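Asks: Below are the structure tokens for one structure; questions will follow.
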Amino acid sequence: MLLYYLILDVPVNASDDVIREKYLELVKKFTPEKNPEQFKKISEAYNALKDKQTRVHKQIFGYSEIKNEQGLYDLAEALRPARRRATLKELIHEAT
Amino acid sequence: MSKKSKKLKQIQKEAQRELQSLNSDQIIQKAKEFLNSDKPRFAIDILKTGLKKDPKSQEIQALLFQAYILREKQLRDKKMYVEAEVIKKQAMNFLPPIQQITETDLVSYLKICPLSEAIKLYAQFISTQKTSQRIDQLIANRMVIENQWDTNALPPNLPICKDIPTMQQAVPLMNDGKWEEALDVMQTIPRQSLYAPFRLFCRAMVLFYREDDQNMLRTLAGISDDFPLIKVVNSLRSEVESNTGKCKPNRIPCLWKGVFDVKDCIQEMIDGIDKENLNKLVFSIKKLANMIYPQDPVFAAFSIVEIVCHLLKDKWYSTDMLTNVLETLPYPIKDVLSAKLRFIYPSNSYIDTARYISFLEYEFPDPELRRIAHSKALIFLADSIKQGVPIISIRDLEQYRHVLGIKSVSFNMHQIEIVSESIRLNPSDRKGYELLVSLYRPSKEAQKKVEQVLLSMMDIFPEDPYPCLELASLYYESNAFRKAETILETAMRRAPYDQRVIDKHAASLLISAEKNIKREKYHLVYKDIERAKSLDTQKIKPFILEKWMLLLLLIQNPQHSNLINTNNQLQVFSIKKDLKTILAETIDNLPLCEQIRIIILLLSDLQKLKQNESDQKQLNQILKDKFKNIHQATSEDIARLLAPIERNLQPIYPYRNLVPRILTYKNDILSLVSDLDILLLIDIIYLPEIAQTIKQDIKRRLNSASQKNKLLFEFYITAIDHITGQVSDFDQFINIIQKADKPTIEEMRKASRNFSCYATGLLKNMMLEFNFDKTLFIDDDMNDEYDDDMDDDDYEDEVDKEAKELLAKLLISEVNKDNYSSKKILQQLINKIEEDIDRFQLRGASLLDIQNRRNLLQKSEHYDIIAAVLEEKGEKKQLSREAYIFLYGKNKYNY
């Protein structure tokens, strides 16, 4: 569950609307053509959080579906630092 | 002054004296040495002395300029910007005249002077000397970096001036981080352009954000080391190369967001789990929680510990590590998680679910989410009860009754009540309704409950035909035909093109036709069948064809000959056809198994109606002939032939299971079904009267079966032996189960639950719970929880006692001529019988099933007495269909 909140970068008490807005923002940024992996992750996270029914279901039973250490590695993978969209100005500042 | 500083001063004086003694050439030589060895400070000192000696020396001035420029760079590298600015100003005092300045000196100066001045100087330089590619590149780089494009001082044909309009467009985009758009703009820049490195860099950035690292690396290879953003370029290179272990990543913070050490921390945690190092595990959990979700580390820790606990669940009882891990969480979160884990891996699903529900307020502070969670927990409980009813004491049940929504005492009703409560809490969740409908309805009370819930579902999902269809099934089940038809009309209004609705509609028309056949209203039967035909449903088609042939045969019966003449609607049947022609026209194009099924149904219908005896004989012969070719059919087709008719059509075909009948034509038909299909088939066709045939067939398969199937076959044989009372050795079950692997055990568990319907008493309980350890059920040292319960045998004794008491009371009231009491007691007896029907799970069962159960269960003579009393008092009409068959062995209605 936490994983999905972290992927969508929304607080744990976010409303349906906030989650949807964030999802739309992210899928615009990470389109399936350009970032298929990221898009898949975002979609999975959104499907788990999109409404109260699925959110509660995942909260109760989500972790019991984890069969081995993969769950933890998935967490690490999801929390892998993302590439931040830097501006040229910032890069010049770093370089000079 | 210390001795050391005195000595130092003396050395400096001597050096000064030495300098004074040097001539200009020597000074220049020495200064060049200092500059070459990157010591501009010494060079400046010596050159200043030289300048005092020879103030007009241009060479010394030029060297001094170089020395200041070099020193300025050193200071800037040390981030001593103020000092660097002072030195820069001093350097400008010694800037050689433009006619004499070398390219290297000019490059050095142009790097540090303002861009506008650099452009002017370069313009002067060009006018006196030749153009310089180095300076071109330097100025081009500076123009991009400073986003300044005033090149009026320069001749327009210089390479530097080309592509400026493109770059003017691209740079603001790059400054906004719009690398893709900037790259599109820069597509026109040629490779030879001074701005080409920026195009390459922009392309690399685009590839970086696409996470196409290999192509990014290839692009970066085209950028030279004098590129102003070389630090960024090297950082990007190192990021990719670090993945292959070539080097450590040299990250520029503005290119990343997030935490970099999570993977290491998780690795530490996994090491902690593997090595059962609690301290390491706990430390890494806390560290990780703070790292990944600093806003709410407790929530994060809850989630991490939950994952860890699921991973540790195999060691749940063997080590206390799990408890220790849970202890790392603060109160009450640790209790919440503990309850949650017990809920998901229950030892007693009633108690564990109720306990978890009592903690929901901590995990779901929002009341709406909490209600949904409560509902989902109840669904999970109802599902887990399917796996086997847990033992729960009356005391515990009383304690948690409210939380679980259980109202009745009967365990049979628990699942329905739990799911109904779940639906009440969360009416918009369809899963609850679907589960409720799939549950066995053990009593009229249960049917009523399901009806209420489905009616409420109709309001909540006003466009969905599903509740209407399920309600129709429910009404047909209780023979409420008119209600069923009305609700089906609603379904048709809601979704006229839904295949489920069409199938159900066709089935309802067949039910109506069946009713009209009994009433001999053949013109109405004709109408119903024609309408059913027009619906064109593949699923119901064989049954429509069967009823159509039945109608043809009945109408052609000489006793109905005047019907065709008197009824206009039946004129279509005026041309007489013999049975063979009817069959040829109707079913000849169907597969063999389908034909056989239809003929069997037709024959059964004719026998039931006691009509067309000659046709019956012919059909019998045709069936025998057809069965001669049955070996041509595939295992799958035969399995389909043997499978019971679907439940929806039970009002038309109460004898849903055709196997006993088929066996009279071909007693070894089961041998034509493959090992793969046979067990699945047995699960659905098993009946006590064919138990021996099934057992013989499985025995025959034992020798050639695979190891897995062999165990399963042995389990089935043992189950049949026990149900039929041939053997009573529960250790046989235990021995077989011990040899099986996990998936096989699960299949055995499923089979055991199926067979439990045909078992009674202790065997029934064992089969339901899939636990064949006798001591658990009959040992005196059973746990306290079980002591409070009544087992089936106790319950049966109790029922017997109650029935006998009622009969005794009835006798007394008869003697006293107390009519009021007699009527009341008779009603109580009827209720008792109905309760027994529910308890034996006979509600909605076929005639054959009830008769079989009647033979098995009628061991107490009080049933016979009750049957006789009710018959004598004329009260037997009050009995339900099932109770009637159970008491009198025949159907209440004239089917």
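Ordering of the structure tokens sets the chain letters (A, B, ...), residue numbers begin anew at 1 in every chain, and ligands are numbered from 1 in the order given.
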Using backbone DSSP assignments, extract all alpha helix (DSSP H) residues from segment 196-247 of chain B; output them as a ChimeraX atom specification.

Replies: /B:196-209,213-220,230-243

Asks: Any chance you could export the current selection's N, CA and C atoms as a tab-separated table (two decimals), in the first residue's frame?

Replies:
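File written: selection-v2.tsv
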chain	number	residue	atom	x	y	z
B	196	ALA	N	26.79	22.66	-32.24
B	196	ALA	CA	26.47	21.23	-32.32
B	196	ALA	C	26.65	20.50	-30.98
B	197	PRO	N	27.69	20.84	-30.17
B	197	PRO	CA	27.82	20.14	-28.87
B	197	PRO	C	26.58	20.33	-27.98
B	198	PHE	N	25.95	21.50	-28.09
B	198	PHE	CA	24.73	21.73	-27.28
B	198	PHE	C	23.58	20.86	-27.79
B	199	ARG	N	23.56	20.68	-29.13
B	199	ARG	CA	22.51	19.80	-29.66
B	199	ARG	C	22.72	18.36	-29.14
B	200	LEU	N	23.99	17.95	-29.15
B	200	LEU	CA	24.29	16.60	-28.64
B	200	LEU	C	23.93	16.49	-27.16
B	201	PHE	N	24.27	17.53	-26.41
B	201	PHE	CA	23.98	17.52	-24.97
B	201	PHE	C	22.47	17.45	-24.73
B	202	CYS	N	21.75	18.24	-25.53
B	202	CYS	CA	20.29	18.26	-25.38
B	202	CYS	C	19.71	16.87	-25.70
B	203	ARG	N	20.26	16.24	-26.74
B	203	ARG	CA	19.80	14.89	-27.11
B	203	ARG	C	20.09	13.90	-25.97
B	204	ALA	N	21.29	14.06	-25.37
B	204	ALA	CA	21.66	13.17	-24.25
B	204	ALA	C	20.68	13.35	-23.08
B	205	MET	N	20.31	14.59	-22.85
B	205	MET	CA	19.36	14.85	-21.74
B	205	MET	C	18.00	14.20	-22.02
B	206	VAL	N	17.57	14.30	-23.28
B	206	VAL	CA	16.29	13.68	-23.65
B	206	VAL	C	16.36	12.18	-23.41
B	207	LEU	N	17.48	11.57	-23.85
B	207	LEU	CA	17.64	10.12	-23.67
B	207	LEU	C	17.74	9.76	-22.18
B	208	PHE	N	18.35	10.65	-21.41
B	208	PHE	CA	18.46	10.43	-19.96
B	208	PHE	C	17.07	10.34	-19.33
B	209	TYR	N	16.18	11.24	-19.72
B	209	TYR	CA	14.83	11.22	-19.14
B	209	TYR	C	13.99	10.05	-19.70
B	213	ASP	N	19.68	4.67	-21.43
B	213	ASP	CA	21.03	5.01	-21.01
B	213	ASP	C	22.10	4.66	-22.05
B	214	GLN	N	21.89	3.55	-22.76
B	214	GLN	CA	22.92	3.13	-23.71
B	214	GLN	C	23.06	4.14	-24.85
B	215	ASN	N	21.91	4.59	-25.35
B	215	ASN	CA	21.97	5.59	-26.43
B	215	ASN	C	22.48	6.92	-25.90
B	216	MET	N	22.17	7.20	-24.64
B	216	MET	CA	22.66	8.45	-24.04
B	216	MET	C	24.20	8.42	-24.00
B	217	LEU	N	24.72	7.25	-23.60
B	217	LEU	CA	26.18	7.10	-23.52
B	217	LEU	C	26.83	7.31	-24.88
B	218	ARG	N	26.19	6.76	-25.92
B	218	ARG	CA	26.71	6.91	-27.27
B	218	ARG	C	26.72	8.38	-27.69
B	219	THR	N	25.66	9.08	-27.32
B	219	THR	CA	25.56	10.50	-27.68
B	219	THR	C	26.62	11.33	-26.95
B	220	LEU	N	26.80	11.00	-25.68
B	220	LEU	CA	27.78	11.76	-24.87
B	220	LEU	C	29.20	11.59	-25.40
B	230	ILE	N	30.95	19.93	-19.12
B	230	ILE	CA	31.61	18.61	-19.10
B	230	ILE	C	31.39	17.90	-17.76
B	231	LYS	N	31.23	18.68	-16.70
B	231	LYS	CA	31.00	18.07	-15.38
B	231	LYS	C	29.69	17.27	-15.38
B	232	VAL	N	28.67	17.87	-16.03
B	232	VAL	CA	27.37	17.19	-16.12
B	232	VAL	C	27.51	15.95	-17.01
B	233	VAL	N	28.25	16.13	-18.12
B	233	VAL	CA	28.45	15.02	-19.05
B	233	VAL	C	29.11	13.84	-18.33
B	234	ASN	N	30.16	14.15	-17.54
B	234	ASN	CA	30.87	13.09	-16.81
B	234	ASN	C	29.97	12.43	-15.78
B	235	SER	N	29.12	13.23	-15.17
B	235	SER	CA	28.21	12.68	-14.16
B	235	SER	C	27.24	11.68	-14.81
B	236	LEU	N	26.73	12.08	-15.97
B	236	LEU	CA	25.79	11.18	-16.67
B	236	LEU	C	26.49	9.89	-17.08
B	237	ARG	N	27.74	10.03	-17.54
B	237	ARG	CA	28.51	8.84	-17.94
B	237	ARG	C	28.70	7.92	-16.73
B	238	SER	N	29.06	8.54	-15.61
B	238	SER	CA	29.36	7.73	-14.42
B	238	SER	C	28.12	6.99	-13.92
B	239	GLU	N	26.95	7.59	-14.12
B	239	GLU	CA	25.71	6.95	-13.65
B	239	GLU	C	25.48	5.62	-14.37
B	240	VAL	N	25.74	5.65	-15.70
B	240	VAL	CA	25.53	4.43	-16.47
B	240	VAL	C	26.62	3.42	-16.16
B	241	GLU	N	27.84	3.92	-16.11
B	241	GLU	CA	28.97	3.00	-15.90
B	241	GLU	C	28.95	2.39	-14.50
B	242	SER	N	28.37	3.11	-13.54
B	242	SER	CA	28.32	2.57	-12.17
B	242	SER	C	27.44	1.32	-12.11
B	243	ASN	N	26.47	1.24	-13.02
B	243	ASN	CA	25.59	0.07	-13.03
B	243	ASN	C	26.35	-1.20	-13.40

Asks: Mind dumping a table of every chain B residue within 6 Å of chain A, with the nearest atom pair and its distance in Å to one decimal, using only C-alpha atoms, sorted by chain and rising number, as CSV?

Replies:
residue,atom,partner,partner_atom,distance
B:Met174,CA,A:Leu88,CA,5.3
B:Asn175,CA,A:Leu88,CA,4.6
B:Asp176,CA,A:Thr87,CA,5.5
B:Gly177,CA,A:Thr87,CA,4.1
B:Leu229,CA,A:Ala95,CA,5.5
B:Lys231,CA,A:Ala95,CA,5.4
B:Cys254,CA,A:Ala86,CA,5.9
B:Leu255,CA,A:Arg84,CA,4.8
B:Trp256,CA,A:Arg84,CA,4.6
B:Lys257,CA,A:Ala82,CA,5.3
B:Gly258,CA,A:Pro81,CA,4.4
B:Val259,CA,A:Pro81,CA,5.7
B:Val262,CA,A:Ala76,CA,5.8
B:Lys263,CA,A:Ala76,CA,5.1
B:Ile307,CA,A:Tyr63,CA,5.8
B:Ala373,CA,A:Val56,CA,5.9

Asks: What separation in Å, quoted to one decimal, exists between atom CA of Pro249 of chain B and atom CA of Asp264 of chain B?

Replies: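 We find that atom CA of Pro249 of chain B and atom CA of Asp264 of chain B lie 14.9 Å from each other.
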
Asks: If we count only C-alpha atoms and set the cut-off at 7 Å, which residues sit around segment 528-543 of chain B, ignoring sequence neighbours fewer than 2 positions away in its own chain? Please answer as a PyMOL selection string.

Replies: chain B and resi 502-503+506-507+509-510+512-513+524-526+545-548+598

Asks: Can you tell me, as a PyMOL selection string, what residues are no more than 9 Å from segment 628-642 of chain B when counting only C-alpha atoms, ignoring any on the same chain fewer than 2 positions away?

Replies: chain B and resi 591-594+596-597+623-626+644-645+657-659+662+666+669-670+672-674+677-678+681+685

Asks: Selection from above, N, CA and C atoms, as a PDB file, in the first residue's frame, can you write it?

Replies:
ATOM      1  N   PRO B 591     -24.476 -33.263 -32.197  1.00  0.00           N
ATOM      2  CA  PRO B 591     -23.514 -34.311 -31.839  1.00  0.00           C
ATOM      3  C   PRO B 591     -24.213 -35.470 -31.112  1.00  0.00           C
ATOM      4  N   LEU B 592     -23.583 -36.639 -31.172  1.00  0.00           N
ATOM      5  CA  LEU B 592     -24.193 -37.856 -30.630  1.00  0.00           C
ATOM      6  C   LEU B 592     -24.599 -37.704 -29.156  1.00  0.00           C
ATOM      7  N   CYS B 593     -23.694 -37.163 -28.343  1.00  0.00           N
ATOM      8  CA  CYS B 593     -23.979 -37.063 -26.897  1.00  0.00           C
ATOM      9  C   CYS B 593     -25.163 -36.141 -26.641  1.00  0.00           C
ATOM     10  N   GLU B 594     -25.230 -35.081 -27.434  1.00  0.00           N
ATOM     11  CA  GLU B 594     -26.326 -34.119 -27.282  1.00  0.00           C
ATOM     12  C   GLU B 594     -27.649 -34.806 -27.633  1.00  0.00           C
ATOM     13  N   ILE B 596     -28.285 -38.006 -27.443  1.00  0.00           N
ATOM     14  CA  ILE B 596     -28.625 -38.972 -26.389  1.00  0.00           C
ATOM     15  C   ILE B 596     -29.287 -38.246 -25.219  1.00  0.00           C
ATOM     16  N   ARG B 597     -28.699 -37.131 -24.841  1.00  0.00           N
ATOM     17  CA  ARG B 597     -29.247 -36.396 -23.694  1.00  0.00           C
ATOM     18  C   ARG B 597     -30.697 -35.980 -23.956  1.00  0.00           C
ATOM     19  N   LEU B 623     -32.238 -45.305 -28.133  1.00  0.00           N
ATOM     20  CA  LEU B 623     -31.162 -44.998 -27.177  1.00  0.00           C
ATOM     21  C   LEU B 623     -30.143 -46.128 -27.139  1.00  0.00           C
ATOM     22  N   LYS B 624     -30.651 -47.354 -27.084  1.00  0.00           N
ATOM     23  CA  LYS B 624     -29.736 -48.503 -27.054  1.00  0.00           C
ATOM     24  C   LYS B 624     -28.819 -48.483 -28.277  1.00  0.00           C
ATOM     25  N   ASP B 625     -29.413 -48.174 -29.428  1.00  0.00           N
ATOM     26  CA  ASP B 625     -28.624 -48.127 -30.676  1.00  0.00           C
ATOM     27  C   ASP B 625     -27.582 -47.007 -30.620  1.00  0.00           C
ATOM     28  N   LYS B 626     -28.030 -45.875 -30.087  1.00  0.00           N
ATOM     29  CA  LYS B 626     -27.102 -44.724 -30.035  1.00  0.00           C
ATOM     30  C   LYS B 626     -25.934 -45.041 -29.111  1.00  0.00           C
ATOM     31  N   PRO B 644     -24.756 -32.970 -14.557  1.00  0.00           N
ATOM     32  CA  PRO B 644     -26.159 -32.656 -14.287  1.00  0.00           C
ATOM     33  C   PRO B 644     -26.642 -31.454 -15.095  1.00  0.00           C
ATOM     34  N   ILE B 645     -27.927 -31.423 -15.326  1.00  0.00           N
ATOM     35  CA  ILE B 645     -28.537 -30.291 -16.044  1.00  0.00           C
ATOM     36  C   ILE B 645     -28.446 -29.070 -15.141  1.00  0.00           C
ATOM     37  N   ASN B 657     -29.717 -35.085 -12.407  1.00  0.00           N
ATOM     38  CA  ASN B 657     -28.597 -35.995 -12.632  1.00  0.00           C
ATOM     39  C   ASN B 657     -29.067 -37.197 -13.458  1.00  0.00           C
ATOM     40  N   LEU B 658     -28.554 -37.283 -14.687  1.00  0.00           N
ATOM     41  CA  LEU B 658     -29.012 -38.333 -15.606  1.00  0.00           C
ATOM     42  C   LEU B 658     -28.178 -39.605 -15.529  1.00  0.00           C
ATOM     43  N   VAL B 659     -27.145 -39.597 -14.710  1.00  0.00           N
ATOM     44  CA  VAL B 659     -26.203 -40.725 -14.720  1.00  0.00           C
ATOM     45  C   VAL B 659     -26.875 -42.067 -14.374  1.00  0.00           C
ATOM     46  N   ILE B 662     -28.472 -43.228 -17.462  1.00  0.00           N
ATOM     47  CA  ILE B 662     -27.522 -43.553 -18.540  1.00  0.00           C
ATOM     48  C   ILE B 662     -26.845 -44.898 -18.249  1.00  0.00           C
ATOM     49  N   LYS B 666     -25.657 -48.084 -20.564  1.00  0.00           N
ATOM     50  CA  LYS B 666     -24.233 -48.434 -20.727  1.00  0.00           C
ATOM     51  C   LYS B 666     -23.583 -48.359 -19.348  1.00  0.00           C
ATOM     52  N   ILE B 669     -19.992 -46.691 -18.886  1.00  0.00           N
ATOM     53  CA  ILE B 669     -19.749 -45.407 -19.599  1.00  0.00           C
ATOM     54  C   ILE B 669     -18.660 -44.566 -18.928  1.00  0.00           C
ATOM     55  N   LEU B 670     -18.507 -44.721 -17.625  1.00  0.00           N
ATOM     56  CA  LEU B 670     -17.494 -43.917 -16.918  1.00  0.00           C
ATOM     57  C   LEU B 670     -16.084 -44.253 -17.416  1.00  0.00           C
ATOM     58  N   LEU B 672     -15.138 -44.463 -20.278  1.00  0.00           N
ATOM     59  CA  LEU B 672     -14.814 -43.677 -21.481  1.00  0.00           C
ATOM     60  C   LEU B 672     -14.349 -42.262 -21.153  1.00  0.00           C
ATOM     61  N   VAL B 673     -14.432 -41.931 -19.864  1.00  0.00           N
ATOM     62  CA  VAL B 673     -13.983 -40.589 -19.441  1.00  0.00           C
ATOM     63  C   VAL B 673     -12.521 -40.697 -19.016  1.00  0.00           C
ATOM     64  N   SER B 674     -11.713 -39.713 -19.442  1.00  0.00           N
ATOM     65  CA  SER B 674     -10.275 -39.771 -19.138  1.00  0.00           C
ATOM     66  C   SER B 674     -10.014 -39.543 -17.644  1.00  0.00           C
ATOM     67  N   ASP B 677     -10.562 -35.989 -16.472  1.00  0.00           N
ATOM     68  CA  ASP B 677     -11.908 -35.433 -16.247  1.00  0.00           C
ATOM     69  C   ASP B 677     -12.696 -36.173 -15.171  1.00  0.00           C
ATOM     70  N   ILE B 678     -12.292 -37.418 -14.868  1.00  0.00           N
ATOM     71  CA  ILE B 678     -13.178 -38.269 -14.078  1.00  0.00           C
ATOM     72  C   ILE B 678     -13.458 -37.721 -12.670  1.00  0.00           C
ATOM     73  N   LEU B 681     -15.761 -34.867 -12.637  1.00  0.00           N
ATOM     74  CA  LEU B 681     -17.098 -35.351 -12.960  1.00  0.00           C
ATOM     75  C   LEU B 681     -17.734 -36.021 -11.740  1.00  0.00           C
ATOM     76  N   ILE B 685     -21.447 -35.602 -10.015  1.00  0.00           N
ATOM     77  CA  ILE B 685     -22.514 -36.576 -10.324  1.00  0.00           C
ATOM     78  C   ILE B 685     -22.757 -37.575  -9.199  1.00  0.00           C
TER      79      ILE B 685
END

Asks: Using only C-alpha atoms, which residue out of B:Arg656, B:His374, B:Lys286, B:His505 lies closest to Pro330 of chain B?

Replies: B:Lys286

Asks: Show me, as JSON, numbers by chain, the residues that have an atom within 7 Å of segment 287-294 of chain B when counting only C-alpha atoms, minus same-chain residues fewer than 5 positions from it.

Replies: {"B": [262, 265, 300, 301]}

Asks: Any idea what's packed within 8 Å of Ile42 of chain A, counting only C-alpha atoms, ignoring anything in its chain fewer than 5 positions away? Could you give it as JSON, numbers by chain?

Replies: {"A": [7, 8, 23, 26, 27]}

Asks: Just write the chosen residues, N, CA, C and O atoms, as a short mmCIF file (atom, residue, chain, number, x, y, z; two decimals), in the first residue's frame.

Replies:
data_model
loop_
_atom_site.label_atom_id
_atom_site.label_comp_id
_atom_site.auth_asym_id
_atom_site.auth_seq_id
_atom_site.Cartn_x
_atom_site.Cartn_y
_atom_site.Cartn_z
N ILE A 7 4.64 5.77 -5.04
CA ILE A 7 4.76 5.86 -6.51
C ILE A 7 3.98 7.08 -7.02
O ILE A 7 4.45 7.85 -7.84
N LEU A 8 2.76 7.24 -6.49
CA LEU A 8 1.94 8.37 -6.97
C LEU A 8 2.31 9.68 -6.28
O LEU A 8 1.83 10.74 -6.66
N TYR A 23 -2.48 11.13 -10.68
CA TYR A 23 -2.31 10.05 -11.67
C TYR A 23 -2.28 10.64 -13.09
O TYR A 23 -1.41 10.32 -13.89
N LEU A 26 0.92 12.38 -13.75
CA LEU A 26 2.04 11.46 -13.96
C LEU A 26 1.97 10.75 -15.31
O LEU A 26 3.00 10.56 -15.95
N VAL A 27 0.76 10.35 -15.72
CA VAL A 27 0.70 9.63 -17.00
C VAL A 27 0.94 10.56 -18.19
O VAL A 27 1.36 10.10 -19.25
#

Asks: So what do you get for atom CA of Leu360 of chain B versus atom CA of Arg20 of chain A, distance-wise?

Replies: 25.7 Å

Asks: So, counting only C-alpha atoms, which residue among B:Tyr466, B:Asp212, B:Asp459, B:Ile60 is closest to Val437 of chain B?

Replies: B:Tyr466
